[in-house]
$ cat work36.txt   # compact mmCIF, N, CA and C atoms
# COMPACT_ATOMS: atom_id res chain seq x y z
N MET A 1 19.25 -25.74 110.81
CA MET A 1 20.41 -25.67 109.98
C MET A 1 20.16 -24.66 108.87
N LYS A 2 21.16 -23.88 108.54
CA LYS A 2 21.05 -22.86 107.52
C LYS A 2 21.00 -23.50 106.14
N LYS A 3 20.06 -23.06 105.33
CA LYS A 3 19.94 -23.58 103.98
C LYS A 3 20.93 -22.85 103.07
N ARG A 4 21.71 -23.62 102.33
CA ARG A 4 22.69 -23.03 101.42
C ARG A 4 22.25 -23.31 99.99
N THR A 5 22.38 -22.30 99.14
CA THR A 5 22.07 -22.49 97.73
C THR A 5 23.19 -21.89 96.90
N LEU A 6 23.45 -22.50 95.77
CA LEU A 6 24.48 -22.04 94.86
C LEU A 6 23.85 -21.04 93.92
N THR A 7 24.44 -19.85 93.80
CA THR A 7 23.89 -18.83 92.93
C THR A 7 24.62 -18.83 91.60
N MET A 8 24.10 -19.62 90.70
CA MET A 8 24.64 -19.70 89.34
C MET A 8 23.45 -19.72 88.39
N SER A 9 23.58 -19.09 87.24
CA SER A 9 22.48 -19.09 86.30
C SER A 9 22.32 -20.44 85.61
N ALA A 10 23.43 -21.08 85.33
CA ALA A 10 23.39 -22.41 84.70
C ALA A 10 24.43 -23.28 85.36
N HIS A 11 24.09 -24.52 85.59
CA HIS A 11 25.03 -25.44 86.22
C HIS A 11 26.01 -25.95 85.19
N SER A 12 27.28 -25.94 85.54
CA SER A 12 28.29 -26.55 84.68
C SER A 12 28.85 -27.75 85.44
N VAL A 13 28.96 -28.85 84.78
CA VAL A 13 29.38 -30.09 85.43
C VAL A 13 30.88 -30.07 85.69
N VAL A 14 31.26 -30.48 86.90
CA VAL A 14 32.66 -30.59 87.30
C VAL A 14 32.96 -32.07 87.43
N SER A 15 34.13 -32.47 86.96
CA SER A 15 34.45 -33.88 87.09
C SER A 15 34.83 -34.18 88.53
N SER A 16 34.25 -35.23 89.06
CA SER A 16 34.58 -35.67 90.41
C SER A 16 35.72 -36.66 90.31
N PRO A 17 36.34 -37.00 91.44
CA PRO A 17 37.46 -37.93 91.39
C PRO A 17 37.13 -39.25 90.68
N THR A 18 35.92 -39.69 90.79
CA THR A 18 35.54 -40.95 90.17
C THR A 18 34.53 -40.75 89.05
N ASN A 19 34.20 -39.50 88.75
CA ASN A 19 33.14 -39.17 87.79
C ASN A 19 31.84 -39.87 88.16
N ALA A 20 31.61 -39.97 89.45
CA ALA A 20 30.43 -40.67 89.97
C ALA A 20 29.17 -39.85 89.72
N ARG A 21 28.11 -40.52 89.50
CA ARG A 21 26.79 -39.92 89.38
C ARG A 21 25.89 -40.65 90.37
N PRO A 22 25.99 -40.26 91.65
CA PRO A 22 25.20 -40.98 92.67
C PRO A 22 23.71 -40.76 92.49
N ARG A 23 22.96 -41.73 92.92
CA ARG A 23 21.50 -41.67 92.87
C ARG A 23 20.95 -41.38 94.27
N THR A 24 19.72 -40.96 94.32
CA THR A 24 19.04 -40.75 95.60
C THR A 24 19.19 -42.01 96.45
N GLY A 25 19.59 -41.81 97.72
CA GLY A 25 19.75 -42.92 98.65
C GLY A 25 21.17 -43.44 98.75
N GLU A 26 22.04 -43.08 97.79
CA GLU A 26 23.44 -43.50 97.85
C GLU A 26 24.25 -42.48 98.64
N HIS A 27 25.46 -42.85 99.02
CA HIS A 27 26.33 -41.94 99.76
C HIS A 27 27.01 -40.95 98.81
N CYS A 28 27.14 -39.72 99.27
CA CYS A 28 27.81 -38.67 98.50
C CYS A 28 29.31 -38.98 98.44
N PRO A 29 29.91 -39.03 97.24
CA PRO A 29 31.32 -39.40 97.13
C PRO A 29 32.30 -38.28 97.47
N VAL A 30 31.87 -37.01 97.40
CA VAL A 30 32.79 -35.90 97.62
C VAL A 30 32.01 -34.64 98.01
N ASN A 31 32.61 -33.79 98.87
CA ASN A 31 31.98 -32.52 99.24
C ASN A 31 31.79 -31.66 98.00
N GLY A 32 30.70 -30.93 97.95
CA GLY A 32 30.51 -30.00 96.85
C GLY A 32 29.05 -29.67 96.60
N TRP A 33 28.84 -28.87 95.57
CA TRP A 33 27.51 -28.47 95.15
C TRP A 33 27.01 -29.48 94.13
N TRP A 34 25.91 -30.11 94.42
CA TRP A 34 25.33 -31.15 93.58
C TRP A 34 23.96 -30.70 93.08
N ALA A 35 23.67 -31.01 91.81
CA ALA A 35 22.38 -30.69 91.22
C ALA A 35 21.82 -31.94 90.55
N PRO A 36 20.50 -32.06 90.53
CA PRO A 36 19.90 -33.20 89.83
C PRO A 36 20.24 -33.14 88.34
N LEU A 37 20.62 -34.26 87.78
CA LEU A 37 20.97 -34.35 86.37
C LEU A 37 19.71 -34.18 85.52
N ASN A 38 19.80 -33.36 84.47
CA ASN A 38 18.71 -33.14 83.51
C ASN A 38 17.45 -32.54 84.14
N ARG A 39 17.62 -31.75 85.21
CA ARG A 39 16.48 -31.07 85.82
C ARG A 39 16.88 -29.64 86.13
N ARG A 40 15.93 -28.76 86.16
CA ARG A 40 16.17 -27.36 86.46
C ARG A 40 15.89 -27.09 87.94
N SER A 41 16.63 -27.74 88.80
CA SER A 41 16.48 -27.56 90.25
C SER A 41 17.74 -26.91 90.79
N PRO A 42 17.63 -26.18 91.90
CA PRO A 42 18.83 -25.56 92.48
C PRO A 42 19.81 -26.60 92.99
N ALA A 43 21.08 -26.23 93.01
CA ALA A 43 22.13 -27.11 93.53
C ALA A 43 22.08 -27.10 95.05
N HIS A 44 22.53 -28.18 95.65
CA HIS A 44 22.58 -28.33 97.11
C HIS A 44 24.01 -28.64 97.50
N PHE A 45 24.47 -28.07 98.63
CA PHE A 45 25.79 -28.42 99.14
C PHE A 45 25.66 -29.69 99.96
N LEU A 46 26.36 -30.72 99.53
CA LEU A 46 26.32 -32.01 100.23
C LEU A 46 27.73 -32.40 100.63
N THR A 47 27.85 -33.01 101.79
CA THR A 47 29.16 -33.41 102.30
C THR A 47 29.40 -34.88 102.03
N GLU A 48 30.67 -35.21 101.89
CA GLU A 48 31.07 -36.59 101.62
C GLU A 48 30.50 -37.52 102.68
N GLY A 49 29.90 -38.60 102.25
CA GLY A 49 29.34 -39.59 103.17
C GLY A 49 27.87 -39.39 103.48
N SER A 50 27.33 -38.19 103.20
CA SER A 50 25.91 -37.98 103.47
C SER A 50 25.07 -38.71 102.42
N ILE A 51 23.82 -38.92 102.72
CA ILE A 51 22.92 -39.63 101.80
C ILE A 51 22.38 -38.63 100.77
N MET A 52 22.45 -39.01 99.50
CA MET A 52 21.94 -38.15 98.44
C MET A 52 20.42 -38.08 98.55
N PRO A 53 19.87 -36.86 98.57
CA PRO A 53 18.43 -36.70 98.78
C PRO A 53 17.61 -36.89 97.51
N ALA A 54 16.31 -36.93 97.69
CA ALA A 54 15.37 -36.91 96.56
C ALA A 54 15.19 -35.45 96.15
N ASP A 55 14.70 -35.22 94.96
CA ASP A 55 14.42 -33.86 94.49
C ASP A 55 12.93 -33.76 94.21
N GLY A 56 12.24 -32.99 95.04
CA GLY A 56 10.81 -32.83 94.87
C GLY A 56 10.04 -34.12 95.06
N GLY A 57 10.56 -35.00 95.94
CA GLY A 57 9.90 -36.26 96.21
C GLY A 57 10.19 -37.34 95.18
N THR A 58 11.09 -37.05 94.24
CA THR A 58 11.41 -38.00 93.19
C THR A 58 12.87 -38.42 93.29
N ALA A 59 13.14 -39.71 93.11
CA ALA A 59 14.52 -40.20 93.09
C ALA A 59 15.19 -39.69 91.81
N VAL A 60 16.41 -39.18 91.96
CA VAL A 60 17.13 -38.61 90.81
C VAL A 60 18.58 -39.06 90.81
N VAL A 61 19.25 -38.80 89.71
CA VAL A 61 20.70 -38.97 89.59
C VAL A 61 21.29 -37.57 89.79
N TRP A 62 22.35 -37.49 90.59
CA TRP A 62 22.97 -36.21 90.92
C TRP A 62 24.29 -36.04 90.16
N THR A 63 24.61 -34.78 89.86
CA THR A 63 25.88 -34.45 89.22
C THR A 63 26.57 -33.33 89.99
N LEU A 64 27.88 -33.42 90.09
CA LEU A 64 28.67 -32.42 90.81
C LEU A 64 28.82 -31.19 89.92
N VAL A 65 28.42 -30.01 90.43
CA VAL A 65 28.52 -28.79 89.64
C VAL A 65 29.64 -27.87 90.11
N GLU A 66 30.02 -27.96 91.39
CA GLU A 66 31.14 -27.15 91.88
C GLU A 66 31.70 -27.76 93.15
N ARG A 67 33.02 -27.90 93.16
CA ARG A 67 33.70 -28.39 94.36
C ARG A 67 34.11 -27.19 95.20
N PRO A 68 34.15 -27.32 96.52
CA PRO A 68 34.60 -26.21 97.35
C PRO A 68 36.08 -25.96 97.12
N HIS A 69 36.50 -24.72 97.29
CA HIS A 69 37.90 -24.37 97.14
C HIS A 69 38.67 -24.90 98.34
N PRO A 70 39.86 -25.46 98.11
CA PRO A 70 40.63 -25.97 99.25
C PRO A 70 41.06 -24.83 100.17
N SER A 71 41.05 -25.10 101.45
CA SER A 71 41.50 -24.08 102.39
C SER A 71 43.01 -23.98 102.33
N PRO A 72 43.54 -22.78 102.52
CA PRO A 72 44.99 -22.63 102.44
C PRO A 72 45.70 -23.35 103.57
N THR A 73 46.85 -23.89 103.26
CA THR A 73 47.66 -24.51 104.31
C THR A 73 48.42 -23.40 105.02
N PRO A 74 48.89 -23.64 106.24
CA PRO A 74 49.52 -22.58 107.03
C PRO A 74 50.68 -21.87 106.33
N ASN A 75 51.39 -22.52 105.43
CA ASN A 75 52.53 -21.85 104.82
C ASN A 75 52.27 -21.42 103.38
N ASP A 76 51.01 -21.38 102.94
CA ASP A 76 50.70 -20.89 101.60
C ASP A 76 50.93 -19.38 101.53
N GLY A 77 51.96 -18.98 100.85
CA GLY A 77 52.21 -17.57 100.64
C GLY A 77 52.83 -16.84 101.82
N TYR A 78 53.15 -17.54 102.86
CA TYR A 78 53.74 -16.91 104.03
C TYR A 78 55.14 -17.48 104.26
N PRO A 79 56.07 -16.64 104.69
CA PRO A 79 57.41 -17.17 104.98
C PRO A 79 57.36 -18.08 106.21
N ALA A 80 58.26 -19.03 106.25
CA ALA A 80 58.33 -19.95 107.39
C ALA A 80 58.70 -19.17 108.64
N LEU A 81 58.06 -19.50 109.73
CA LEU A 81 58.35 -18.87 111.02
C LEU A 81 59.53 -19.60 111.65
N ARG A 82 60.60 -18.88 111.92
CA ARG A 82 61.81 -19.47 112.51
C ARG A 82 61.93 -19.00 113.96
N LEU A 83 61.77 -19.91 114.87
CA LEU A 83 61.89 -19.59 116.28
C LEU A 83 63.04 -20.41 116.88
N PRO A 84 63.79 -19.81 117.78
CA PRO A 84 64.82 -20.60 118.46
C PRO A 84 64.17 -21.71 119.27
N ALA A 85 64.85 -22.79 119.43
CA ALA A 85 64.31 -23.95 120.13
C ALA A 85 63.92 -23.64 121.57
N ASP A 86 64.59 -22.71 122.23
CA ASP A 86 64.28 -22.41 123.63
C ASP A 86 63.40 -21.18 123.78
N SER A 87 62.70 -20.75 122.77
CA SER A 87 61.90 -19.52 122.84
C SER A 87 60.56 -19.71 123.51
N TYR A 88 60.16 -20.91 123.76
CA TYR A 88 58.88 -21.15 124.40
C TYR A 88 59.11 -21.47 125.81
$ encode --input "work36.txt" --output "structure tokens"
Amino acid sequence: MKKRTLTMSAHSVVSSPTNARPRTGEHCPVNGWWAPLNRRSPAHFLTEGSIMPADGGTAVVWTLVERPHPSPTPNDGYPALRLPADSY
């Protein structure tokens, strides 16, 4: 699996839907870039439902630093496609 890292000089905390601060061994509440709280470790991209990992072999509390951008819906910025009912 390809290792992903967030390239930011300093982590800024993003509020999660529940403002959760999951600990190592708990389930990830939301997709995004997570970093250990009060540590100078790189952020990791974790998906909702995955188990929060340890950092350097130590159990830590994680904080959300960046949520992924939502993917555009099919009609974002595009005119509606109008096809006659019998065109297919």
$ residues_around --input "work36.txt" --residues "stretch 32-43 of chain A" --least-positions-apart "2" --cutoff "7 Å" --atoms "only C-alpha atoms" --output "list in words"
Thr5, Leu6, Val30, Phe45, Leu46, Thr47, Val60, Val61, Trp62, Thr63, Leu64, Val65, Glu66, Arg67 and Pro68 of chain A
$ atom_distance --input "work36.txt" --atom1 "atom N of A:Ala54" --atom2 "atom C of A:His69"
25.4 Å
$ select_by_dssp --input "work36.txt" --residues "stretch 14-63 of chain A" --states "strand (DSSP E)" --output "count of residues only"
10
$ axis_aligned_box --input "work36.txt" --around "stretch 44-62 of chain A" --padding-each-side "4 Å" --output "JSON"
{"center_x": 20.5, "center_y": -34.1, "center_z": 96.5, "size_x": 29.2, "size_y": 20.1, "size_z": 21.9}
$ atom_distance --input "work36.txt" --atom1 "atom C of A:Pro29" --atom2 "atom N of A:Asp55"
18.0 Å
$ atom_distance --input "work36.txt" --atom1 "atom CA of A:Thr24" --atom2 "atom C of A:Gly57"
9.5 Å
$ decode --input "work36.txt" --residues "stretch 33-75 of chain A" --atoms "C-alpha atoms" --output "PDB file, in the first residue's frame"
ATOM      1  CA  TRP A  33      -5.541  13.554   7.983  1.00  0.00           C
ATOM      2  CA  TRP A  34      -4.929  12.778  11.644  1.00  0.00           C
ATOM      3  CA  ALA A  35      -1.909  13.704  13.768  1.00  0.00           C
ATOM      4  CA  PRO A  36      -0.979  12.743  17.313  1.00  0.00           C
ATOM      5  CA  LEU A  37      -2.044  15.454  19.753  1.00  0.00           C
ATOM      6  CA  ASN A  38       0.858  17.388  21.364  1.00  0.00           C
ATOM      7  CA  ARG A  39       3.529  15.540  19.347  1.00  0.00           C
ATOM      8  CA  ARG A  40       5.674  16.529  16.397  1.00  0.00           C
ATOM      9  CA  SER A  41       4.817  13.510  14.243  1.00  0.00           C
ATOM     10  CA  PRO A  42       3.625  13.526  10.625  1.00  0.00           C
ATOM     11  CA  ALA A  43      -0.098  13.313   9.921  1.00  0.00           C
ATOM     12  CA  HIS A  44      -1.580  10.077   8.573  1.00  0.00           C
ATOM     13  CA  PHE A  45      -4.583   9.681   6.273  1.00  0.00           C
ATOM     14  CA  LEU A  46      -7.060   7.439   8.063  1.00  0.00           C
ATOM     15  CA  THR A  47     -10.447   6.290   6.830  1.00  0.00           C
ATOM     16  CA  GLU A  48     -13.650   6.197   8.826  1.00  0.00           C
ATOM     17  CA  GLY A  49     -13.978   2.953  10.757  1.00  0.00           C
ATOM     18  CA  SER A  50     -10.288   2.043  10.682  1.00  0.00           C
ATOM     19  CA  ILE A  51      -8.441   1.482  13.948  1.00  0.00           C
ATOM     20  CA  MET A  52      -6.406   4.451  15.180  1.00  0.00           C
ATOM     21  CA  PRO A  53      -2.740   3.403  15.229  1.00  0.00           C
ATOM     22  CA  ALA A  54       0.001   3.889  17.797  1.00  0.00           C
ATOM     23  CA  ASP A  55       2.680   6.513  17.129  1.00  0.00           C
ATOM     24  CA  GLY A  56       6.202   5.219  17.496  1.00  0.00           C
ATOM     25  CA  GLY A  57       4.981   2.275  19.548  1.00  0.00           C
ATOM     26  CA  THR A  58       3.177   4.550  22.010  1.00  0.00           C
ATOM     27  CA  ALA A  59      -0.576   4.903  22.510  1.00  0.00           C
ATOM     28  CA  VAL A  60      -1.639   8.476  21.703  1.00  0.00           C
ATOM     29  CA  VAL A  61      -4.667  10.725  21.356  1.00  0.00           C
ATOM     30  CA  TRP A  62      -5.289  11.769  17.736  1.00  0.00           C
ATOM     31  CA  THR A  63      -6.581  15.060  16.366  1.00  0.00           C
ATOM     32  CA  LEU A  64      -8.046  15.786  12.935  1.00  0.00           C
ATOM     33  CA  VAL A  65      -5.860  18.259  11.026  1.00  0.00           C
ATOM     34  CA  GLU A  66      -7.472  18.215   7.569  1.00  0.00           C
ATOM     35  CA  ARG A  67     -10.595  16.695   6.085  1.00  0.00           C
ATOM     36  CA  PRO A  68     -10.580  15.595   2.439  1.00  0.00           C
ATOM     37  CA  HIS A  69     -12.350  17.886   0.010  1.00  0.00           C
ATOM     38  CA  PRO A  70     -15.755  16.567  -1.059  1.00  0.00           C
ATOM     39  CA  SER A  71     -15.881  15.213  -4.577  1.00  0.00           C
ATOM     40  CA  PRO A  72     -18.053  17.205  -6.951  1.00  0.00           C
ATOM     41  CA  THR A  73     -21.527  15.937  -7.651  1.00  0.00           C
ATOM     42  CA  PRO A  74     -22.414  15.326 -11.315  1.00  0.00           C
ATOM     43  CA  ASN A  75     -24.275  18.625 -11.687  1.00  0.00           C
TER      44      ASN A  75
END
